[in-house]
Amino acid sequence: MGQSAGAAVAGATTPREGENAAEAKPKKQPPYAVVVLNDDLHTFQYVVETFTKVFGYSAEKSYVLAVKIHNQGRGIVWSGSLEVAELKRDQLRSAGPDFHAVEKVDFPLGVLIEPLPE
């Protein structure tokens, strides 16, 4: 790489004239929450297995979240950047049917993405 290319890259990280160092920092992305809605058809076993697969949570943490969602009607299961929240939502929606239910449940968990206060 030539000297001018290196200088261009180095110049991209330094504040411009009239800017202070705080203004030159990248803006922090606002946080988003993945919210799962309760329904009376998906089984606890399915929800726990899905949370374990999608989020890497332990079975215990997944169960606690499932109970909270069941009791409160909804619950935040993950928070972070919008792009990852969208990925997690899509993974939850594509988890497949709930074969643990007495009657097959072949629709996904209800899941939303909501912005969190900064």
# chains A, B, ... in the order shown; residues from 1 in each chain; ligands from 1
call {"tool": "residues_around", "arguments": {"residues": "Arg74 in chain A", "least_positions_apart": "4", "cutoff": "6 Å", "atoms": "only C-alpha atoms", "output": "ChimeraX atom specification"}}
result
/A:36-38,69
call {"tool": "closest_residue", "arguments": {"among": "A:Lys28, A:Gly56, A:Pro115, A:Ala66", "to": "Phe44 in chain A", "atoms": "only C-alpha atoms"}}
result
A:Ala66
call {"tool": "residues_around", "arguments": {"residues": "range 91-93 of chain A", "least_positions_apart": "3", "cutoff": "10 Å", "atoms": "only C-alpha atoms", "output": "number ranges by chain"}}
result
A: 34, 36, 47, 50-51, 53-55, 85-88, 96-97, 107-111
call {"tool": "closest_residue", "arguments": {"among": "A:Leu116, A:Ala95, A:Ala101, A:Pro31", "to": "Thr43 in chain A", "atoms": "only C-alpha atoms"}}
result
A:Ala101
call {"tool": "select_by_dssp", "arguments": {"residues": "range 23-55 of chain A", "states": "strand (DSSP E)", "output": "list of chain:residue names"}}
result
A:Tyr32, A:Ala33, A:Val34, A:Val35, A:Val36, A:Leu37
call {"tool": "closest_residue", "arguments": {"among": "A:Ala59, A:Leu41, A:Val35, A:Val84", "to": "Gln72 in chain A", "atoms": "only C-alpha atoms"}}
result
A:Val35
